[in-house]
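Written below as structure tokens is the structure these notes are about.
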Amino acid sequence: MNKIHLLDEKTINKISAGEVVERPASIVKELIENSIDAGSKNITVEILEGGIPYIKVSDDGCGMNEIDAILAFERHATSKIKSDNDLYNIGTLGFRGEALASIAAVSHVTLQTKEEGALLGTKVVVEGGKVVEKTNCGCAKGCSIEVRDVFFNTPARRKFLKRPSTETMYITDVVTKLCLSHPEVSFKYVKDRKLQFITSGNGNIEDAILRLFGNEVYSSLMSASFESEDLKLKILAGKNSLNYSNRNMQFFYVNGRYVKNKTLSAAIDEAFKTYIPVNRYPAVFLYMEIDPRQIDVNIHPSKLEIKFSDERRIFEAVYKTIKNSLHKYNLIPEVKIEEKKNIFKIETPTISAEQTKLYFTSSDKEVEKEKKKFDNEFKGQNVFLKDNVLKENSKNSSLDNHLAVYEEYEKEEVNKNDLAKKISDIKIVGTLFSTYIIVEREDVFYIIDQHAAHERILYEKFTSQYEKIQTRQVTFPIVVELQPGDLELVHQEKELLNKLGYVFEEFGNNSIILREVPVILGQPEARQLFIDIVEKLKDKELINKISLKEENIIMMACKAAVKAMDNLSEREIYKLFEDLKITENPYTCPHGRPVIIAITKTQLEKMFKRIM
């Protein structure tokens, strides 16, 4: 008896459905994408109890005639492509021709559709993959598909579905992503007979974001764009204070298709590095238009994965676009007074640090004026610090040794009158807890974290030095023992390690000797930093000189910066403030923590009820 046999069509359809229809949200996604491909301007999505018993998607697209309505339920029947050559030039969301056949194989489906100009429409009823009814009907132009009892004939699949509330969450996520992908389409979403939202369909991405996510996200958006011959980018990113514990607020769209891609995620992480805390992620809405021949979306039936033919180019384009945008915006957190009202008593107002809004209301004119003044003065120059900022093996806690950065300033013959002239527009109020510097200027005062500020200053100085890296021969050779297999990696990446300032030679099994190290590192940290670099080289996923350089510089700046509880003199505070003003990014330390916040006189007076 033969062991190998052909599967019947019913079994084949159920297997195929398992790849395309994972849960009700998959059905909603496929049906909406078909509606978008049909040229719809208005799409309505209705679900009940997580979509398990009922899903309906209606549109006003091109519709189908009687023959196409029947053929659409056949496997691999599609209007999107005609031959394998079309797979390399896909301009639609769907193209496999599997969606309707897979959906109909595991549910009860009713389709009503009509082409423009036709007198009657067509109604088709399919149960478990079989057409049980085909009649003429009266209906509007476009297409309406009802899906009932998902997985009714595959109970094993149905029992793995989550609770209706969880399945509803998945569907809402899908609808939201598709609303953002095509802001020119008006979406209406009805859940359990209650209207959730309607998008305008006016083509404005910002308007869609406002309707879906509210004013907090919308008001913090920064806009950036890039355009070349075959690549166009539009990126809307939240300012650094708007960050999350996961990537759920990152949306990538390539040629109108929502995708997931590690190259895009890595580029965003690198661009926001030092602007937001570690293990936090910014809100990003990325829209890319690229030649379809430069991408591959035919990786998985879900069509979520995408590959680029030149990932390095995409990485650089996204990274530089966001990085350049961050330099254009004022990122100083604004202290906002929020009144807490109680029916029995009036409580003291609470203060919460909140990001400066992108658009100011009329009541914020005074704050806007001060912020523009501060922003203009805080940007556009190069930082200069003493080269001997890192004194090796310095364990002396005195300020003269610890703050070598101010050595040159202290050597200047400046009398108190000259100093008074220099800081005539800046009044140093003092420090809090030997950690926070308070500086007053006109009707605004700034609170500065001295460690974070100095860390930022040193970070930018070291970054500029890295472009002209110098090495120094160590007094005593440093032996580094490597893990098995690392020696081959070190030899393979020798050119990169040399560029980073390390000169070494092999020393026995799985060991090397460091002969020269980067001069700005200092010998004490050279060995551990070298080991850290080797560990990062093991991760081949988008490893690049930018990330290696930044990791090292951040570590150096943190070690060399003044610490909390270090007492600074008035001259040192003034120098710190002046150096911070001319950094490229005075808003956050390299780890992404805030460096400075602003509070206006008006806000203080509101706290003390001087004004209401």
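Ordered as shown in the structure tokens, chains take letters A, B, and onward, while each chain numbers its residues from 1 and ligands are numbered from 1 in the order shown.
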- Write out as a ChimeraX atom specification each polymer residue whose atoms come within 9 Å of region 169-173 of chain A, counting only C-alpha atoms; drop sequence neighbours fewer than 5 positions from it. /A:23-26,28-29,47,50-51,164,178,189,191
Requested write-out: all heavy atoms of the selected residues, as an mmCIF file, in the first residue's frame:
data_model
loop_
_atom_site.group_PDB
_atom_site.id
_atom_site.type_symbol
_atom_site.label_atom_id
_atom_site.label_comp_id
_atom_site.auth_asym_id
_atom_site.auth_seq_id
_atom_site.Cartn_x
_atom_site.Cartn_y
_atom_site.Cartn_z
ATOM 1 N N ARG A 23 -6.512 34.371 13.760
ATOM 2 C CA ARG A 23 -7.546 34.754 14.711
ATOM 3 C C ARG A 23 -8.472 35.745 14.003
ATOM 4 O O ARG A 23 -8.211 36.161 12.878
ATOM 5 C CB ARG A 23 -6.921 35.360 15.964
ATOM 6 C CG ARG A 23 -6.026 36.534 15.692
ATOM 7 C CD ARG A 23 -5.341 37.113 16.936
ATOM 8 N NE ARG A 23 -5.665 36.448 18.152
ATOM 9 C CZ ARG A 23 -4.789 35.718 18.865
ATOM 10 N NH1 ARG A 23 -3.546 35.593 18.429
ATOM 11 N NH2 ARG A 23 -5.157 35.152 19.994
ATOM 12 N N PRO A 24 -9.580 36.170 14.637
ATOM 13 C CA PRO A 24 -10.492 37.119 13.979
ATOM 14 C C PRO A 24 -9.800 38.389 13.475
ATOM 15 O O PRO A 24 -10.191 38.940 12.438
ATOM 16 C CB PRO A 24 -11.500 37.442 15.081
ATOM 17 C CG PRO A 24 -11.549 36.195 15.908
ATOM 18 C CD PRO A 24 -10.151 35.672 15.914
ATOM 19 N N ALA A 25 -8.780 38.841 14.183
ATOM 20 C CA ALA A 25 -8.066 40.039 13.739
ATOM 21 C C ALA A 25 -7.438 39.838 12.365
ATOM 22 O O ALA A 25 -7.356 40.784 11.567
ATOM 23 C CB ALA A 25 -6.987 40.413 14.760
ATOM 24 N N SER A 26 -7.004 38.599 12.068
ATOM 25 C CA SER A 26 -6.430 38.312 10.749
ATOM 26 C C SER A 26 -7.481 38.482 9.656
ATOM 27 O O SER A 26 -7.184 38.979 8.560
ATOM 28 C CB SER A 26 -5.881 36.883 10.712
ATOM 29 O OG SER A 26 -4.984 36.658 11.772
ATOM 30 N N VAL A 28 -10.131 40.500 9.797
ATOM 31 C CA VAL A 28 -10.371 41.937 9.641
ATOM 32 C C VAL A 28 -9.278 42.572 8.800
ATOM 33 O O VAL A 28 -9.549 43.384 7.901
ATOM 34 C CB VAL A 28 -10.456 42.608 11.035
ATOM 35 C CG1 VAL A 28 -10.527 44.129 10.887
ATOM 36 C CG2 VAL A 28 -11.657 42.095 11.799
ATOM 37 N N LYS A 29 -8.041 42.208 9.059
ATOM 38 C CA LYS A 29 -6.913 42.761 8.308
ATOM 39 C C LYS A 29 -7.036 42.463 6.812
ATOM 40 O O LYS A 29 -6.903 43.354 5.961
ATOM 41 C CB LYS A 29 -5.604 42.189 8.845
ATOM 42 C CG LYS A 29 -4.362 42.575 8.038
ATOM 43 C CD LYS A 29 -3.117 41.933 8.628
ATOM 44 C CE LYS A 29 -1.885 42.240 7.796
ATOM 45 N NZ LYS A 29 -1.924 41.590 6.473
ATOM 46 N N ILE A 47 -17.874 44.623 14.576
ATOM 47 C CA ILE A 47 -17.583 43.327 15.192
ATOM 48 C C ILE A 47 -18.472 43.136 16.414
ATOM 49 O O ILE A 47 -18.961 44.100 17.018
ATOM 50 C CB ILE A 47 -16.104 43.197 15.617
ATOM 51 C CG1 ILE A 47 -15.772 44.200 16.750
ATOM 52 C CG2 ILE A 47 -15.173 43.371 14.446
ATOM 53 C CD1 ILE A 47 -14.452 43.921 17.431
ATOM 54 N N GLY A 50 -15.530 40.225 20.128
ATOM 55 C CA GLY A 50 -14.186 39.874 19.669
ATOM 56 C C GLY A 50 -14.128 39.333 18.263
ATOM 57 O O GLY A 50 -13.091 38.797 17.843
ATOM 58 N N GLY A 51 -15.217 39.462 17.499
ATOM 59 C CA GLY A 51 -15.222 39.014 16.110
ATOM 60 C C GLY A 51 -15.441 37.532 15.936
ATOM 61 O O GLY A 51 -15.514 37.047 14.800
ATOM 62 N N PRO A 164 -13.182 37.094 24.436
ATOM 63 C CA PRO A 164 -13.651 38.112 23.479
ATOM 64 C C PRO A 164 -12.994 39.476 23.691
ATOM 65 O O PRO A 164 -12.682 40.167 22.716
ATOM 66 C CB PRO A 164 -15.158 38.166 23.756
ATOM 67 C CG PRO A 164 -15.492 36.788 24.221
ATOM 68 C CD PRO A 164 -14.312 36.334 25.021
ATOM 69 N N LEU A 178 -4.254 50.160 10.226
ATOM 70 C CA LEU A 178 -4.703 50.376 8.852
ATOM 71 C C LEU A 178 -5.256 51.785 8.666
ATOM 72 O O LEU A 178 -5.136 52.367 7.584
ATOM 73 C CB LEU A 178 -5.741 49.321 8.475
ATOM 74 C CG LEU A 178 -5.145 47.920 8.269
ATOM 75 C CD1 LEU A 178 -6.233 46.863 8.236
ATOM 76 C CD2 LEU A 178 -4.326 47.872 6.986
ATOM 77 N N TYR A 189 -15.334 52.556 12.881
ATOM 78 C CA TYR A 189 -15.136 51.324 13.645
ATOM 79 C C TYR A 189 -16.222 51.202 14.702
ATOM 80 O O TYR A 189 -16.359 52.052 15.580
ATOM 81 C CB TYR A 189 -13.750 51.339 14.288
ATOM 82 C CG TYR A 189 -13.419 50.123 15.123
ATOM 83 C CD1 TYR A 189 -13.755 48.828 14.710
ATOM 84 C CD2 TYR A 189 -12.739 50.265 16.332
ATOM 85 C CE1 TYR A 189 -13.444 47.728 15.477
ATOM 86 C CE2 TYR A 189 -12.416 49.155 17.117
ATOM 87 C CZ TYR A 189 -12.771 47.893 16.685
ATOM 88 O OH TYR A 189 -12.465 46.788 17.445
ATOM 89 N N LYS A 191 -17.789 48.640 17.602
ATOM 90 C CA LYS A 191 -17.517 47.461 18.426
ATOM 91 C C LYS A 191 -18.711 47.198 19.333
ATOM 92 O O LYS A 191 -19.135 48.080 20.087
ATOM 93 C CB LYS A 191 -16.262 47.704 19.273
ATOM 94 C CG LYS A 191 -15.881 46.535 20.174
ATOM 95 C CD LYS A 191 -14.789 46.936 21.166
ATOM 96 C CE LYS A 191 -15.346 47.842 22.236
ATOM 97 N NZ LYS A 191 -14.364 48.146 23.312
#
- Message: At a cut-off of 10 Å, using only C-alpha atoms, what residues contact region 321-325 of chain A? Leave out same-chain residues fewer than 5 positions from it and give the result as a PyMOL selection string.
- Response: chain A and resi 222-227+233-237+267-268+270-273+284+316
Please save C-alpha atoms of the selected residues as a tab-separated table (two decimals), in the first residue's frame.
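New file out.tsv:
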chain	number	residue	atom	x	y	z
A	222	MET	CA	8.26	66.39	15.58
A	223	SER	CA	8.19	66.19	11.79
A	224	ALA	CA	11.10	65.16	9.56
A	225	SER	CA	11.41	64.22	5.91
A	226	PHE	CA	13.91	62.91	3.38
A	227	GLU	CA	13.69	62.48	-0.38
A	233	LEU	CA	10.54	59.37	3.98
A	234	LYS	CA	8.12	61.18	6.23
A	235	ILE	CA	8.64	60.62	9.95
A	236	LEU	CA	6.54	61.92	12.81
A	237	ALA	CA	8.27	61.23	16.11
A	267	ALA	CA	17.84	53.02	13.12
A	268	ILE	CA	15.28	54.64	15.44
A	270	GLU	CA	20.34	54.73	17.37
A	271	ALA	CA	18.82	58.11	16.50
A	272	PHE	CA	17.18	58.49	19.93
A	273	LYS	CA	20.18	57.15	21.80
A	284	VAL	CA	7.34	57.02	15.85
A	316	GLU	CA	21.39	55.55	7.34
- Message: Please identify the strand (DSSP E) residues within region 575-611 of chain A (assignment by DSSP from backbone atoms) and present them as a list in words.
- Response: Ile596, Ile597, Ala598, Ile599 and Thr600 of chain A
- Query: Using only C-alpha atoms, which residue out of A:Asn585, A:Leu242, A:Gly142, A:Ala105 lies closest to Thr154 (chain A)?
  - Reply: A:Ala105
- Query: Can you list, as a PyMOL selection string, every protein, DNA or RNA residue that comes within 10 Å of Ile70 (chain A) when you count only C-alpha atoms, leaving out same-chain residues fewer than 2 positions away?
  - Reply: chain A and resi 64-68+72-74+111+122-126+131+134
- Task: State, in Å with one decimal place, the distance from CA of Ala283 (chain A) to CA of Gly238 (chain A).
- Result: 5.1 Å
- Task: Name all residues at most 6 Å from Lys56 (chain A) (count only C-alpha atoms; drop same-chain ones fewer than 3 positions away) and give them as a PyMOL selection string.
- Result: chain A and resi 45-46+145-146
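Checking A:Ile448, A:Val517, A:Ile426, A:Ile290 one by one against Phe476 (chain A), counting only C-alpha atoms, you find the shortest gap at A:Val517.
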Within region 120-245 of chain A, find each residue whose DSSP state, derived from the backbone, is alpha helix (DSSP H), and express the selection as a compact mmCIF listing (two decimals) with N, CA and C atoms, in the first residue's frame.
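Output contents, as saved in selection-v3.txt:
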# COMPACT_ATOMS: atom_id res chain seq x y z
N PRO A 155 -12.83 22.98 15.62
CA PRO A 155 -12.95 23.26 17.06
C PRO A 155 -11.61 23.31 17.78
N ALA A 156 -10.62 22.58 17.28
CA ALA A 156 -9.30 22.61 17.92
C ALA A 156 -8.68 24.00 17.81
N ARG A 157 -8.91 24.65 16.66
CA ARG A 157 -8.39 26.02 16.48
C ARG A 157 -9.20 27.01 17.31
N ARG A 158 -10.50 26.78 17.39
CA ARG A 158 -11.36 27.74 18.08
C ARG A 158 -11.07 27.77 19.58
N PRO A 164 -13.18 37.09 24.44
CA PRO A 164 -13.65 38.11 23.48
C PRO A 164 -12.99 39.48 23.69
N SER A 165 -12.77 39.86 24.95
CA SER A 165 -12.14 41.16 25.19
C SER A 165 -10.73 41.21 24.64
N THR A 166 -10.00 40.09 24.74
CA THR A 166 -8.63 40.04 24.21
C THR A 166 -8.63 40.05 22.69
N GLU A 167 -9.54 39.27 22.09
CA GLU A 167 -9.63 39.26 20.63
C GLU A 167 -10.05 40.64 20.11
N THR A 168 -10.91 41.32 20.86
CA THR A 168 -11.30 42.69 20.47
C THR A 168 -10.09 43.60 20.48
N MET A 169 -9.22 43.45 21.45
CA MET A 169 -8.01 44.25 21.53
C MET A 169 -7.14 44.06 20.28
N TYR A 170 -6.99 42.82 19.84
CA TYR A 170 -6.22 42.53 18.64
C TYR A 170 -6.85 43.19 17.41
N ILE A 171 -8.16 43.11 17.32
CA ILE A 171 -8.85 43.71 16.16
C ILE A 171 -8.69 45.22 16.17
N THR A 172 -8.86 45.84 17.34
CA THR A 172 -8.72 47.29 17.44
C THR A 172 -7.32 47.72 17.01
N ASP A 173 -6.32 46.94 17.39
CA ASP A 173 -4.94 47.23 17.00
C ASP A 173 -4.78 47.19 15.48
N VAL A 174 -5.38 46.17 14.84
CA VAL A 174 -5.30 46.04 13.38
C VAL A 174 -5.98 47.21 12.69
N VAL A 175 -7.18 47.55 13.15
CA VAL A 175 -7.92 48.66 12.53
C VAL A 175 -7.16 49.96 12.69
N THR A 176 -6.58 50.19 13.86
CA THR A 176 -5.81 51.41 14.11
C THR A 176 -4.63 51.52 13.15
N LYS A 177 -3.90 50.43 12.98
CA LYS A 177 -2.73 50.45 12.09
C LYS A 177 -3.13 50.71 10.64
N LEU A 178 -4.25 50.16 10.23
CA LEU A 178 -4.70 50.38 8.85
C LEU A 178 -5.26 51.78 8.67
N CYS A 179 -5.86 52.35 9.71
CA CYS A 179 -6.30 53.75 9.63
C CYS A 179 -5.11 54.68 9.39
N LEU A 180 -4.01 54.40 10.08
CA LEU A 180 -2.81 55.23 9.94
C LEU A 180 -2.13 55.01 8.59
N SER A 181 -2.29 53.81 8.02
CA SER A 181 -1.61 53.52 6.76
C SER A 181 -2.21 54.29 5.60
N ILE A 205 -2.07 62.95 7.94
CA ILE A 205 -1.62 61.94 8.89
C ILE A 205 -1.75 62.43 10.32
N GLU A 206 -1.37 63.71 10.53
CA GLU A 206 -1.43 64.27 11.88
C GLU A 206 -2.86 64.26 12.43
N ASP A 207 -3.82 64.52 11.55
CA ASP A 207 -5.22 64.52 11.98
C ASP A 207 -5.65 63.11 12.40
N ALA A 208 -5.21 62.11 11.67
CA ALA A 208 -5.54 60.72 12.04
C ALA A 208 -4.92 60.36 13.38
N ILE A 209 -3.69 60.81 13.62
CA ILE A 209 -3.02 60.53 14.90
C ILE A 209 -3.78 61.20 16.04
N LEU A 210 -4.21 62.43 15.83
CA LEU A 210 -4.96 63.15 16.85
C LEU A 210 -6.24 62.42 17.21
N ARG A 211 -6.97 61.94 16.20
CA ARG A 211 -8.25 61.26 16.45
C ARG A 211 -8.06 59.91 17.15
N LEU A 212 -6.96 59.24 16.83
CA LEU A 212 -6.75 57.89 17.37
C LEU A 212 -6.04 57.87 18.71
N PHE A 213 -5.10 58.80 18.92
CA PHE A 213 -4.26 58.75 20.12
C PHE A 213 -4.41 59.94 21.05
N ASN A 215 -4.52 64.21 22.22
CA ASN A 215 -3.68 65.40 22.14
C ASN A 215 -2.29 65.22 22.73
N GLU A 216 -2.14 64.32 23.72
CA GLU A 216 -0.82 64.15 24.34
C GLU A 216 0.22 63.71 23.31
N VAL A 217 -0.13 62.74 22.48
CA VAL A 217 0.78 62.28 21.45
C VAL A 217 0.89 63.32 20.34
N TYR A 218 -0.25 63.82 19.91
CA TYR A 218 -0.28 64.77 18.80
C TYR A 218 0.56 66.02 19.08
